$ cat protein34.txt   # compact mmCIF, C-alpha atoms and all ligand atoms
# COMPACT_ATOMS: atom_id res chain seq x y z
CA MET A 1 96.07 131.17 72.70
CA LYS A 2 93.02 128.90 72.60
CA PHE A 3 92.80 128.82 76.38
CA LYS A 4 91.85 132.41 76.97
CA SER A 5 88.24 131.45 77.38
CA MET A 6 88.88 128.68 79.88
CA ILE A 7 86.86 128.88 83.01
CA LEU A 8 89.00 128.46 86.07
CA VAL A 9 87.28 125.72 88.02
CA CYS A 10 90.93 124.94 88.60
CA LEU A 11 91.58 123.52 85.19
CA ILE A 12 88.12 122.61 83.99
CA ILE A 13 86.38 123.87 80.91
CA LEU A 14 82.68 123.59 80.32
CA CYS A 15 81.50 123.66 76.71
CA GLY A 16 79.18 126.46 75.71
CA CYS A 17 75.80 125.31 74.38
CA SER A 18 74.60 126.30 70.96
CA ALA A 19 71.05 125.87 69.67
CA THR A 20 72.00 122.63 67.95
CA GLN A 21 73.57 121.10 71.04
CA ILE A 22 71.70 119.21 73.71
CA LYS A 23 71.20 121.58 76.61
CA GLU A 24 73.69 121.16 79.48
CA GLU A 25 72.09 120.21 82.74
CA GLU A 26 73.05 122.26 85.72
CA TYR A 27 76.14 121.28 87.71
CA LEU A 28 76.10 121.69 91.47
CA GLU A 29 79.36 122.71 93.06
CA LYS A 30 80.96 122.48 96.46
CA THR A 31 84.28 123.80 97.76
CA VAL A 32 85.98 122.02 100.64
CA PHE A 33 89.29 122.79 102.33
CA ALA A 34 91.24 119.73 103.48
CA MET A 35 94.72 118.21 103.13
CA ASP A 36 96.04 121.76 102.88
CA THR A 37 94.21 122.11 99.57
CA GLU A 38 91.16 123.90 98.23
CA MET A 39 89.02 121.19 96.65
CA THR A 40 86.30 121.92 94.10
CA LEU A 41 83.66 119.26 93.48
CA SER A 42 81.12 119.44 90.70
CA ALA A 43 78.32 116.96 89.92
CA CYS A 44 75.25 116.86 87.73
CA GLY A 45 71.98 114.93 88.02
CA LYS A 46 69.10 114.52 90.40
CA ASN A 47 71.22 113.10 93.23
CA ALA A 48 74.04 115.59 92.77
CA HIS A 49 73.33 117.32 96.07
CA THR A 50 73.52 114.06 98.07
CA ALA A 51 76.61 112.99 96.14
CA LEU A 52 78.41 116.22 97.02
CA GLU A 53 77.43 115.95 100.71
CA LYS A 54 78.70 112.37 100.88
CA ALA A 55 81.87 113.31 99.03
CA GLU A 56 82.55 116.04 101.58
CA GLU A 57 82.16 113.56 104.44
CA GLU A 58 84.54 111.21 102.67
CA ILE A 59 87.13 113.95 102.32
CA TYR A 60 87.08 114.62 106.08
CA ARG A 61 87.09 110.90 106.88
CA LEU A 62 90.14 110.19 104.72
CA ASN A 63 91.89 113.33 105.89
CA ASN A 64 91.56 112.07 109.46
CA ALA A 65 92.65 108.55 108.54
CA LEU A 66 95.69 109.47 106.46
CA ALA A 67 97.14 112.71 107.87
CA ARG A 68 100.23 111.62 109.73
CA GLY A 69 100.21 114.78 111.85
CA SER A 70 96.82 114.04 113.37
CA GLU A 71 97.07 111.97 116.56
CA GLU A 72 93.78 110.32 115.66
CA SER A 73 95.11 108.91 112.41
CA GLU A 74 96.24 105.36 111.79
CA ILE A 75 99.36 106.65 110.10
CA TYR A 76 100.30 108.66 113.21
CA ALA A 77 99.90 105.52 115.33
CA VAL A 78 101.93 103.36 112.95
CA ASN A 79 104.76 105.90 112.88
CA ALA A 80 104.76 106.36 116.65
CA ASN A 81 104.81 102.59 117.33
CA HIS A 82 107.18 101.44 114.55
CA GLY A 83 104.30 99.59 112.97
CA GLY A 84 100.99 98.07 113.96
CA ARG A 85 97.69 96.84 112.64
CA VAL A 86 95.69 99.10 110.33
CA SER A 87 92.26 99.02 108.68
CA GLU A 88 91.81 97.11 105.44
CA GLU A 89 91.51 100.36 103.51
CA THR A 90 94.68 101.92 104.97
CA ALA A 91 96.48 98.63 104.32
CA GLU A 92 95.45 98.83 100.65
CA ILE A 93 96.75 102.38 100.32
CA ILE A 94 100.04 101.50 102.02
CA LYS A 95 100.39 98.48 99.72
CA THR A 96 99.85 100.67 96.66
CA ALA A 97 102.41 103.20 97.92
CA LEU A 98 104.91 100.42 98.63
CA ASP A 99 104.35 98.90 95.19
CA ILE A 100 104.96 102.25 93.53
CA SER A 101 108.08 102.73 95.67
CA GLU A 102 109.34 99.38 94.45
CA PHE A 103 108.36 99.74 90.78
CA THR A 104 109.98 103.18 90.58
CA ASP A 105 113.10 101.92 92.34
CA GLY A 106 112.59 104.38 95.18
CA ALA A 107 111.95 107.56 93.15
CA PHE A 108 108.67 107.44 95.05
CA ASP A 109 109.58 106.54 98.62
CA ILE A 110 106.86 105.95 101.19
CA THR A 111 109.42 106.54 104.01
CA ILE A 112 110.25 110.13 102.98
CA ALA A 113 108.60 111.49 106.20
CA PRO A 114 111.73 112.29 108.31
CA VAL A 115 113.22 114.40 105.51
CA MET A 116 109.93 116.22 104.84
CA ASP A 117 109.85 117.04 108.55
CA LEU A 118 113.44 118.28 108.60
CA TRP A 119 112.70 120.75 105.80
CA GLY A 120 109.67 121.88 107.80
CA PHE A 121 107.13 121.07 105.09
CA TYR A 122 104.78 119.44 107.52
CA THR A 123 104.69 122.20 110.16
CA LYS A 124 105.41 125.04 107.69
CA ASN A 125 108.32 126.10 109.92
CA PHE A 126 110.55 126.00 106.87
CA TYR A 127 114.24 125.35 107.39
CA VAL A 128 117.25 124.63 105.19
CA PRO A 129 119.06 121.74 106.90
CA SER A 130 122.83 121.27 107.02
CA ASP A 131 124.38 118.36 105.13
CA ALA A 132 125.01 116.60 108.44
CA GLU A 133 121.37 116.97 109.50
CA LEU A 134 120.19 115.69 106.14
CA LEU A 135 122.54 112.73 106.31
CA GLN A 136 121.14 111.85 109.70
CA ALA A 137 117.51 112.02 108.51
CA MET A 138 118.33 110.17 105.30
CA LYS A 139 119.45 107.13 107.32
CA LYS A 140 115.77 106.57 108.05
CA VAL A 141 114.65 106.88 104.42
CA ASN A 142 114.42 103.65 102.47
CA TYR A 143 111.14 102.08 101.44
CA LYS A 144 112.70 98.67 102.12
CA ASN A 145 112.42 99.59 105.83
CA ALA A 146 108.63 99.45 105.53
CA ALA A 147 106.65 96.26 105.03
CA ILE A 148 103.04 95.20 105.19
CA ARG A 149 101.59 91.70 105.59
CA GLU A 150 97.84 91.59 105.39
CA ARG A 151 96.95 94.43 107.77
CA ASN A 152 100.17 94.47 109.79
CA VAL A 153 102.72 97.20 109.12
CA THR A 154 106.34 96.88 110.19
CA LEU A 155 108.78 99.80 110.24
CA ILE A 156 112.47 99.23 110.95
CA ASN A 157 115.59 101.42 111.25
CA GLY A 158 113.62 104.43 112.44
CA ALA A 159 111.45 104.59 109.30
CA SER A 160 108.15 106.47 109.25
CA ILE A 161 105.69 106.75 106.42
CA ASP A 162 104.11 109.64 104.52
CA LEU A 163 101.20 109.11 102.13
CA GLY A 164 101.11 112.74 100.95
CA GLY A 165 102.21 111.77 97.44
CA ILE A 166 99.26 109.44 96.88
CA ALA A 167 96.46 110.35 99.34
CA LYS A 168 94.64 112.84 97.12
CA GLY A 169 94.71 110.41 94.21
CA TYR A 170 93.13 107.72 96.35
CA LEU A 171 90.61 110.29 97.60
CA SER A 172 89.52 111.40 94.12
CA GLY A 173 89.00 107.74 93.19
CA ARG A 174 86.75 107.35 96.24
CA ILE A 175 84.78 110.47 95.28
CA MET A 176 84.18 109.00 91.82
CA ASP A 177 82.89 105.79 93.50
CA ILE A 178 80.51 107.87 95.63
CA PHE A 179 79.29 109.85 92.60
CA ARG A 180 78.57 106.57 90.79
CA GLU A 181 76.83 105.01 93.80
CA CYS A 182 74.58 108.09 93.94
CA GLY A 183 73.69 107.71 90.28
CA VAL A 184 75.70 110.72 89.13
CA LYS A 185 76.91 110.13 85.58
CA SER A 186 78.74 113.38 84.97
CA GLY A 187 81.02 115.21 87.38
CA ILE A 188 84.52 116.45 87.96
CA VAL A 189 86.67 117.22 90.98
CA SER A 190 89.78 119.32 91.32
CA LEU A 191 91.89 118.69 94.42
CA GLY A 192 94.76 121.11 93.86
CA GLY A 193 96.80 119.61 91.01
CA ASN A 194 94.60 116.52 91.00
CA VAL A 195 91.69 116.56 88.57
CA HIS A 196 89.40 113.54 88.19
CA ALA A 197 86.53 113.39 85.70
CA LEU A 198 83.47 111.16 85.76
CA GLY A 199 81.96 110.35 82.37
CA THR A 200 81.68 113.23 79.92
CA HIS A 201 79.75 116.49 79.96
CA THR A 202 76.03 115.84 79.94
CA ASN A 203 75.99 116.69 76.23
CA GLY A 204 78.46 113.89 75.54
CA THR A 205 81.55 115.97 74.88
CA PRO A 206 84.72 114.95 76.73
CA TRP A 207 86.02 116.95 79.66
CA ARG A 208 88.90 119.23 78.87
CA VAL A 209 91.49 119.50 81.59
CA ALA A 210 94.08 122.24 81.29
CA ILE A 211 97.62 121.78 82.56
CA GLN A 212 98.70 124.87 84.41
CA SER A 213 101.73 126.89 83.42
CA PRO A 214 104.09 126.98 86.42
CA ASP A 215 105.11 130.53 85.52
CA SER A 216 101.79 132.28 84.96
CA SER A 217 98.09 131.93 85.45
CA SER A 218 97.85 130.55 81.90
CA TYR A 219 98.04 126.97 80.61
CA ILE A 220 100.62 124.97 78.72
CA CYS A 221 98.07 122.68 77.06
CA GLY A 222 94.85 120.82 77.65
CA ILE A 223 93.90 117.15 77.61
CA GLU A 224 90.51 115.84 76.54
CA THR A 225 89.42 113.07 78.82
CA GLU A 226 86.59 110.82 80.00
CA ASP A 227 86.52 108.90 83.27
CA LYS A 228 90.15 109.55 84.07
CA ALA A 229 92.37 111.23 86.62
CA VAL A 230 94.72 113.94 85.35
CA ILE A 231 97.24 114.53 88.11
CA THR A 232 100.08 117.04 88.09
CA SER A 233 103.12 117.26 90.35
CA GLY A 234 105.10 120.47 90.11
CA GLY A 235 107.82 122.26 91.99
CA TYR A 236 105.69 125.41 91.80
CA GLN A 237 102.83 123.93 93.84
CA ARG A 238 104.37 124.12 97.33
CA TYR A 239 107.66 125.76 98.14
CA PHE A 240 109.49 128.29 100.27
CA GLU A 241 112.35 130.62 99.46
CA ARG A 242 115.56 131.37 101.39
CA ASP A 243 118.28 133.72 100.14
CA GLY A 244 116.74 133.76 96.69
CA ILE A 245 116.68 129.96 96.37
CA ARG A 246 113.41 128.11 95.95
CA TYR A 247 112.96 124.85 97.86
CA HIS A 248 109.96 122.79 96.80
CA HIS A 249 108.11 119.89 98.39
CA ILE A 250 109.05 116.95 96.16
CA ILE A 251 112.17 115.35 97.57
CA ASP A 252 114.67 113.23 95.71
CA PRO A 253 115.00 110.24 98.06
CA LYS A 254 118.58 109.68 96.81
CA THR A 255 119.80 113.10 98.00
CA GLY A 256 117.25 114.40 100.52
CA TYR A 257 117.07 117.68 98.58
CA PRO A 258 114.14 118.98 96.54
CA SER A 259 114.39 117.05 93.30
CA ASP A 260 116.18 118.82 90.47
CA SER A 261 115.67 116.55 87.49
CA GLY A 262 115.06 119.18 84.80
CA VAL A 263 111.25 119.26 84.84
CA LYS A 264 108.85 121.95 86.01
CA SER A 265 105.90 119.60 86.09
CA VAL A 266 104.79 116.08 85.29
CA THR A 267 101.16 115.16 84.60
CA ILE A 268 99.90 111.58 84.67
CA ILE A 269 96.63 110.52 83.05
CA SER A 270 95.14 107.20 84.19
CA ASP A 271 91.94 105.39 85.21
CA ASN A 272 93.66 104.65 88.49
CA ALA A 273 94.02 107.92 90.41
CA ALA A 274 96.12 106.58 93.29
CA LEU A 275 98.58 105.16 90.78
CA ALA A 276 98.53 108.42 88.79
CA ASP A 277 99.26 110.40 91.95
CA GLY A 278 102.15 108.18 93.03
CA LEU A 279 103.59 108.22 89.52
CA SER A 280 103.29 112.00 89.13
CA THR A 281 105.56 112.34 92.17
CA ALA A 282 107.91 109.55 91.05
CA LEU A 283 108.29 110.72 87.45
CA PHE A 284 108.86 114.29 88.65
CA VAL A 285 111.81 112.91 90.63
CA MET A 286 113.02 110.86 87.64
CA GLY A 287 112.80 113.69 85.08
CA ALA A 288 111.68 113.50 81.45
CA GLU A 289 114.24 111.07 80.07
CA GLN A 290 114.06 108.47 82.80
CA GLY A 291 110.30 109.05 83.13
CA ALA A 292 109.86 108.31 79.42
CA GLU A 293 111.81 105.08 79.86
CA TYR A 294 109.55 104.16 82.76
CA TRP A 295 106.46 104.77 80.61
CA LYS A 296 107.89 102.56 77.84
CA THR A 297 108.14 99.62 80.21
CA HIS A 298 104.95 100.09 82.26
CA ASP A 299 101.29 100.13 81.23
CA GLY A 300 98.22 101.87 82.58
CA PHE A 301 99.05 105.55 82.20
CA GLU A 302 100.04 108.39 79.88
CA ALA A 303 102.22 111.36 80.77
CA VAL A 304 103.01 115.00 79.94
CA PHE A 305 106.42 116.40 80.88
CA LEU A 306 107.16 120.12 80.97
CA THR A 307 110.92 120.62 81.09
CA ASP A 308 112.85 123.48 82.68
CA ASP A 309 113.39 124.74 79.10
CA ASP A 310 109.60 124.85 78.59
CA GLU A 311 109.60 121.95 76.17
CA ILE A 312 106.53 119.72 76.24
CA TYR A 313 106.83 115.95 75.86
CA ILE A 314 103.72 113.78 75.65
CA THR A 315 103.40 110.00 75.48
CA GLU A 316 101.89 108.78 72.24
CA GLY A 317 98.56 107.74 73.73
CA LEU A 318 97.75 111.44 74.21
CA VAL A 319 98.18 112.60 70.63
CA ASP A 320 94.45 112.60 69.87
CA SER A 321 93.46 114.22 73.14
CA TYR A 322 96.05 117.03 73.17
CA ILE A 323 94.61 120.53 72.83
CA GLY A 324 96.59 123.73 72.42
CA ASP A 325 98.98 125.66 70.21
CA ASN A 326 102.21 124.89 72.02
CA GLU A 327 104.48 122.51 70.15
CA TYR A 328 105.29 119.16 71.67
CA THR A 329 107.45 116.09 71.11
CA ILE A 330 105.84 112.66 71.14
CA ILE A 331 107.39 109.88 73.19
CA THR A 332 106.86 106.53 71.46
CA ARG A 333 107.37 102.98 72.68
P1 LIG B 401 102.69 115.32 94.93
O1 LIG B 401 102.24 116.73 95.09
O2 LIG B 401 101.63 114.34 94.58
O3 LIG B 401 103.86 115.19 94.02
O4 LIG B 401 103.17 114.82 96.35
C1 LIG B 401 104.08 115.55 97.12
C2 LIG B 401 103.97 115.07 98.53
O5 LIG B 401 104.42 113.71 98.60
C3 LIG B 401 104.84 115.83 99.49
O6 LIG B 401 104.12 116.88 100.10
C4 LIG B 401 105.25 114.76 100.50
O7 LIG B 401 104.21 114.56 101.44
C5 LIG B 401 105.35 113.53 99.64
N1 LIG B 401 106.65 113.33 98.96
C6 LIG B 401 107.62 114.22 98.64
N2 LIG B 401 108.62 113.65 97.97
C7 LIG B 401 108.27 112.33 97.87
C8 LIG B 401 108.89 111.18 97.27
N3 LIG B 401 110.06 111.25 96.62
N4 LIG B 401 108.24 110.00 97.37
C9 LIG B 401 107.05 109.89 98.01
N5 LIG B 401 106.41 110.92 98.56
C10 LIG B 401 107.01 112.12 98.49
MG MG B 402 101.62 112.54 93.63
$ encode --input "protein34.txt" --output "structure tokens"
Amino acid sequence: MKFKSMILVCLIILCGCSATQIKEEEYLEKTVFAMDTEMTLSACGKNAHTALEKAEEEIYRLNNALARGSEESEIYAVNANHGGRVSEETAEIIKTALDISEFTDGAFDITIAPVMDLWGFYTKNFYVPSDAELLQAMKKVNYKNAAIRERNVTLINGASIDLGGIAKGYLSGRIMDIFRECGVKSGIVSLGGNVHALGTHTNGTPWRVAIQSPDSSSYICGIETEDKAVITSGGYQRYFERDGIRYHHIIDPKTGYPSDSGVKSVTIISDNAALADGLSTALFVMGAEQGAEYWKTHDGFEAVFLTDDDEIYITEGLVDSYIGDNEYTIITR
């Protein structure tokens, strides 16, 4: 397997320098824990140190703004008051999440919060609900119960919102903005399953992002990329087990149960990290077949599906950037 030599900066490979290559400049690194995730940030250049400091501040700022469990957050206030006025930035994120909910016909559902709570994913007091309890919570789940006009959010029929499926994507986009503002031209961040690359390596070679195997510490394939987010949703990322059954954290809004659409993971590659994050969750819920149909009718992203049978499907825009020995099937338009 080609990936044996991969360095685990959670999915990032740095190219080795030979005498004929331009020497790599040094990358500074920082590890931050937020949003229940270990985040690794890496930047190169003379302002790299400042860029990493500012990025860390941004992580804490957005964590406080978007975590619905924190009483300080705007999302907490909106949920507690069935709506309300939010900052311009939060309004933008809610709009994006609502758009994705609509475009994916509710596979992504911004109002999934009551069901996440029932399963105990938020508090980590995990619990397998009865059908009656689920039915009750599901009455509150429907993205059509959430609306935003300018900066005013309205929630009806007991709805409450959860931005967990998109927050880290938005955050990595913000970190890229900060890197750029600081004059950093080459960097990469890994926020759990969310990788976002700025530029290329300093020697001009593209970043190589590996997609984790859900079943081992190895990789199913890699994707060469420049200036893009590579975001994976997988049932293996967060879960609990009861009586030998695994319950993961991506809920099918049609049933209220952890989605069971025949995929182990879905990876989305896009310039737009918030979109990529929302779509990774949505296409995981849809599964490979429906997800492929979605890709055929929507622009702005590429996708890798790993099915329960360990088959790999990639959209045709990835053919030239695919790395690895595992066979794959190409999805064409
Ligand atoms: P991700 O890891 O990006 O797929 O996002 C999973 C997170 O999104 C969960 O921890 C929940 O906070 C939230 N979530 C779970 N299921 C859904 C869904 N169907 N639509 C929107 N958000 C969801
Ligand atoms: Mg997501």
$ residues_near_ligand --input "protein34.txt" --ligand "ligand LIG 401 (chain B)" --cutoff "8 Å" --atoms "only C-alpha atoms and all ligand atoms" --output "mmCIF file with C-alpha atoms, keeping the file's coordinate frame"
data_model
loop_
_atom_site.group_PDB
_atom_site.id
_atom_site.type_symbol
_atom_site.label_atom_id
_atom_site.label_comp_id
_atom_site.auth_asym_id
_atom_site.auth_seq_id
_atom_site.Cartn_x
_atom_site.Cartn_y
_atom_site.Cartn_z
ATOM 1 C CA SER A 101 108.080 102.730 95.670
ATOM 2 C CA GLY A 106 112.590 104.380 95.180
ATOM 3 C CA ALA A 107 111.950 107.560 93.150
ATOM 4 C CA PHE A 108 108.670 107.440 95.050
ATOM 5 C CA ASP A 109 109.580 106.540 98.620
ATOM 6 C CA ILE A 110 106.860 105.950 101.190
ATOM 7 C CA THR A 111 109.420 106.540 104.010
ATOM 8 C CA ILE A 112 110.250 110.130 102.980
ATOM 9 C CA ALA A 113 108.600 111.490 106.200
ATOM 10 C CA MET A 116 109.930 116.220 104.840
ATOM 11 C CA PHE A 121 107.130 121.070 105.090
ATOM 12 C CA TYR A 122 104.780 119.440 107.520
ATOM 13 C CA ASP A 162 104.110 109.640 104.520
ATOM 14 C CA LEU A 163 101.200 109.110 102.130
ATOM 15 C CA GLY A 164 101.110 112.740 100.950
ATOM 16 C CA GLY A 165 102.210 111.770 97.440
ATOM 17 C CA ILE A 166 99.260 109.440 96.880
ATOM 18 C CA LYS A 168 94.640 112.840 97.120
ATOM 19 C CA GLY A 169 94.710 110.410 94.210
ATOM 20 C CA GLY A 193 96.800 119.610 91.010
ATOM 21 C CA ILE A 231 97.240 114.530 88.110
ATOM 22 C CA THR A 232 100.080 117.040 88.090
ATOM 23 C CA SER A 233 103.120 117.260 90.350
ATOM 24 C CA GLY A 234 105.100 120.470 90.110
ATOM 25 C CA GLN A 237 102.830 123.930 93.840
ATOM 26 C CA ARG A 238 104.370 124.120 97.330
ATOM 27 C CA HIS A 249 108.110 119.890 98.390
ATOM 28 C CA ILE A 250 109.050 116.950 96.160
ATOM 29 C CA ILE A 251 112.170 115.350 97.570
ATOM 30 C CA ASP A 252 114.670 113.230 95.710
ATOM 31 C CA PRO A 253 115.000 110.240 98.060
ATOM 32 C CA PRO A 258 114.140 118.980 96.540
ATOM 33 C CA SER A 259 114.390 117.050 93.300
ATOM 34 C CA ASP A 277 99.260 110.400 91.950
ATOM 35 C CA GLY A 278 102.150 108.180 93.030
ATOM 36 C CA SER A 280 103.290 112.000 89.130
ATOM 37 C CA THR A 281 105.560 112.340 92.170
ATOM 38 C CA ALA A 282 107.910 109.550 91.050
ATOM 39 C CA PHE A 284 108.860 114.290 88.650
ATOM 40 C CA VAL A 285 111.810 112.910 90.630
#
$ residues_around --input "protein34.txt" --residues "stretch 304-313 of chain A" --least-positions-apart "4" --cutoff "6 Å" --atoms "all atoms listed in the file" --output "CSV table (one decimal) with C-alpha atoms, in the coordinates of the input"
chain,number,residue,atom,x,y,z
A,262,GLY,CA,115.1,119.2,84.8
A,263,VAL,CA,111.2,119.3,84.8
A,264,LYS,CA,108.8,122.0,86.0
A,265,SER,CA,105.9,119.6,86.1
A,266,VAL,CA,104.8,116.1,85.3
A,267,THR,CA,101.2,115.2,84.6
A,328,TYR,CA,105.3,119.2,71.7
A,329,THR,CA,107.4,116.1,71.1
A,330,ILE,CA,105.8,112.7,71.1
$ atom_distance --input "protein34.txt" --atom1 "atom CA of A:Ala273" --atom2 "atom CA of A:Asp299"
14.1 Å
$ residues_near_point --input "protein34.txt" --point "(110.2, 131.9, 102.8)" --cutoff "12 Å" --atoms "only C-alpha atoms" --output "ChimeraX atom specification"
/A:119-121,124-128,238-248
$ closest_residue --input "protein34.txt" --among "A:Ile100, A:Ile314, A:Leu28, A:Ile323" --to "ligand MG 402 (chain B)" --atoms "only C-alpha atoms and all ligand atoms"
A:Ile100
$ residues_near_point --input "protein34.txt" --point "(102.9, 99.2, 97.8)" --cutoff "12 Å" --atoms "all atoms listed in the file" --output "JSON, numbers by chain"
{"A": [90, 91, 92, 93, 94, 95, 96, 97, 98, 99, 100, 101, 102, 103, 104, 105, 106, 108, 109, 110, 111, 143, 144, 146, 147, 148, 149, 150, 153, 161, 163, 166, 274, 275, 278]}
$ residues_around --input "protein34.txt" --residues "stretch 55-60 of chain A" --least-positions-apart "2" --cutoff "10 Å" --atoms "all atoms listed in the file" --output "PyMOL selection string"
chain A and resi 30-35+39+41+49-53+62-65+168+171-172+174-179
$ closest_residue --input "protein34.txt" --among "A:Leu279, A:Thr225, A:Asn152, A:Thr200" --to "ligand MG 402 (chain B)" --atoms "all atoms listed in the file"
A:Leu279
$ closest_residue --input "protein34.txt" --among "A:Asn326, A:Ile331, A:Ser73, A:Gly287" --to "A:Ser213" --atoms "all atoms listed in the file"
A:Asn326
$ closest_residue --input "protein34.txt" --among "A:Gly235, A:Gly84, A:Gly45, A:Pro206" --to "ligand MG 402 (chain B)" --atoms "all atoms listed in the file"
A:Gly235
$ atom_distance --input "protein34.txt" --atom1 "atom CA of A:Ala48" --atom2 "atom CA of A:Arg180"
10.3 Å
$ residues_around --input "protein34.txt" --residues "A:Gln136" --least-positions-apart "5" --cutoff "12 Å" --atoms "all atoms listed in the file" --output "VMD selection string"
chain A and resid 114 to 115 118 129 to 131 141 157 to 158 255 to 256
$ atom_distance --input "protein34.txt" --atom1 "atom CA of A:Leu155" --atom2 "atom CA of A:Val78"
8.2 Å
$ closest_residue --input "protein34.txt" --among "A:Asn142, A:Glu89, A:Ser42, A:Ile223" --to "A:Arg61" --atoms "only C-alpha atoms"
A:Glu89
$ closest_residue --input "protein34.txt" --among "A:Gln290, A:Asn81, A:Tyr170, A:Gly69" --to "ligand MG 402 (chain B)" --atoms "only C-alpha atoms and all ligand atoms"
A:Tyr170
$ residues_around --input "protein34.txt" --residues "A:Gln212" --least-positions-apart "3" --cutoff "8 Å" --atoms "only C-alpha atoms" --output "list in words"
Leu11, Ser217, Ser218, Tyr219, Ile220 and Cys221 of chain A
$ decode --input "protein34.txt" --residues "stretch 121-134 of chain A" --atoms "N, CA, C and O atoms" --output "PDB file, in the first residue's frame"
ATOM      1  N   PHE A 121     -26.500  12.442  22.411  1.00  0.00           N
ATOM      2  CA  PHE A 121     -25.221  12.782  21.768  1.00  0.00           C
ATOM      3  C   PHE A 121     -24.647  14.094  22.287  1.00  0.00           C
ATOM      4  O   PHE A 121     -23.447  14.283  22.287  1.00  0.00           O
ATOM      5  N   TYR A 122     -25.538  14.972  22.727  1.00  0.00           N
ATOM      6  CA  TYR A 122     -25.004  16.265  23.161  1.00  0.00           C
ATOM      7  C   TYR A 122     -24.362  16.182  24.546  1.00  0.00           C
ATOM      8  O   TYR A 122     -23.289  16.710  24.774  1.00  0.00           O
ATOM      9  N   THR A 123     -25.036  15.466  25.456  1.00  0.00           N
ATOM     10  CA  THR A 123     -24.519  15.377  26.839  1.00  0.00           C
ATOM     11  C   THR A 123     -23.566  14.195  27.016  1.00  0.00           C
ATOM     12  O   THR A 123     -22.899  14.079  28.041  1.00  0.00           O
ATOM     13  N   LYS A 124     -23.574  13.283  26.068  1.00  0.00           N
ATOM     14  CA  LYS A 124     -22.835  12.007  26.144  1.00  0.00           C
ATOM     15  C   LYS A 124     -23.444  11.044  27.163  1.00  0.00           C
ATOM     16  O   LYS A 124     -22.829  10.046  27.524  1.00  0.00           O
ATOM     17  N   ASN A 125     -24.662  11.355  27.642  1.00  0.00           N
ATOM     18  CA  ASN A 125     -25.427  10.364  28.409  1.00  0.00           C
ATOM     19  C   ASN A 125     -26.246   9.575  27.386  1.00  0.00           C
ATOM     20  O   ASN A 125     -27.434   9.837  27.166  1.00  0.00           O
ATOM     21  N   PHE A 126     -25.563   8.613  26.754  1.00  0.00           N
ATOM     22  CA  PHE A 126     -26.178   7.939  25.607  1.00  0.00           C
ATOM     23  C   PHE A 126     -27.373   7.096  26.043  1.00  0.00           C
ATOM     24  O   PHE A 126     -27.392   6.526  27.128  1.00  0.00           O
ATOM     25  N   TYR A 127     -28.353   7.023  25.139  1.00  0.00           N
ATOM     26  CA  TYR A 127     -29.623   6.389  25.484  1.00  0.00           C
ATOM     27  C   TYR A 127     -30.289   5.931  24.196  1.00  0.00           C
ATOM     28  O   TYR A 127     -30.286   6.653  23.203  1.00  0.00           O
ATOM     29  N   VAL A 128     -30.851   4.719  24.214  1.00  0.00           N
ATOM     30  CA  VAL A 128     -31.597   4.257  23.038  1.00  0.00           C
ATOM     31  C   VAL A 128     -33.077   4.511  23.302  1.00  0.00           C
ATOM     32  O   VAL A 128     -33.684   3.874  24.164  1.00  0.00           O
ATOM     33  N   PRO A 129     -33.668   5.474  22.601  1.00  0.00           N
ATOM     34  CA  PRO A 129     -35.058   5.852  22.898  1.00  0.00           C
ATOM     35  C   PRO A 129     -36.060   4.805  22.405  1.00  0.00           C
ATOM     36  O   PRO A 129     -35.769   4.032  21.489  1.00  0.00           O
ATOM     37  N   SER A 130     -37.248   4.831  23.007  1.00  0.00           N
ATOM     38  CA  SER A 130     -38.332   3.971  22.508  1.00  0.00           C
ATOM     39  C   SER A 130     -38.917   4.616  21.259  1.00  0.00           C
ATOM     40  O   SER A 130     -38.706   5.811  21.014  1.00  0.00           O
ATOM     41  N   ASP A 131     -39.694   3.831  20.509  1.00  0.00           N
ATOM     42  CA  ASP A 131     -40.321   4.378  19.299  1.00  0.00           C
ATOM     43  C   ASP A 131     -41.221   5.562  19.657  1.00  0.00           C
ATOM     44  O   ASP A 131     -41.266   6.558  18.940  1.00  0.00           O
ATOM     45  N   ALA A 132     -41.934   5.425  20.776  1.00  0.00           N
ATOM     46  CA  ALA A 132     -42.858   6.498  21.178  1.00  0.00           C
ATOM     47  C   ALA A 132     -42.082   7.780  21.495  1.00  0.00           C
ATOM     48  O   ALA A 132     -42.488   8.875  21.092  1.00  0.00           O
ATOM     49  N   GLU A 133     -40.963   7.631  22.185  1.00  0.00           N
ATOM     50  CA  GLU A 133     -40.149   8.819  22.512  1.00  0.00           C
ATOM     51  C   GLU A 133     -39.609   9.469  21.231  1.00  0.00           C
ATOM     52  O   GLU A 133     -39.600  10.685  21.096  1.00  0.00           O
ATOM     53  N   LEU A 134     -39.176   8.605  20.314  1.00  0.00           N
ATOM     54  CA  LEU A 134     -38.643   9.152  19.053  1.00  0.00           C
ATOM     55  C   LEU A 134     -39.728   9.893  18.278  1.00  0.00           C
ATOM     56  O   LEU A 134     -39.491  10.974  17.740  1.00  0.00           O
TER      57      LEU A 134
END
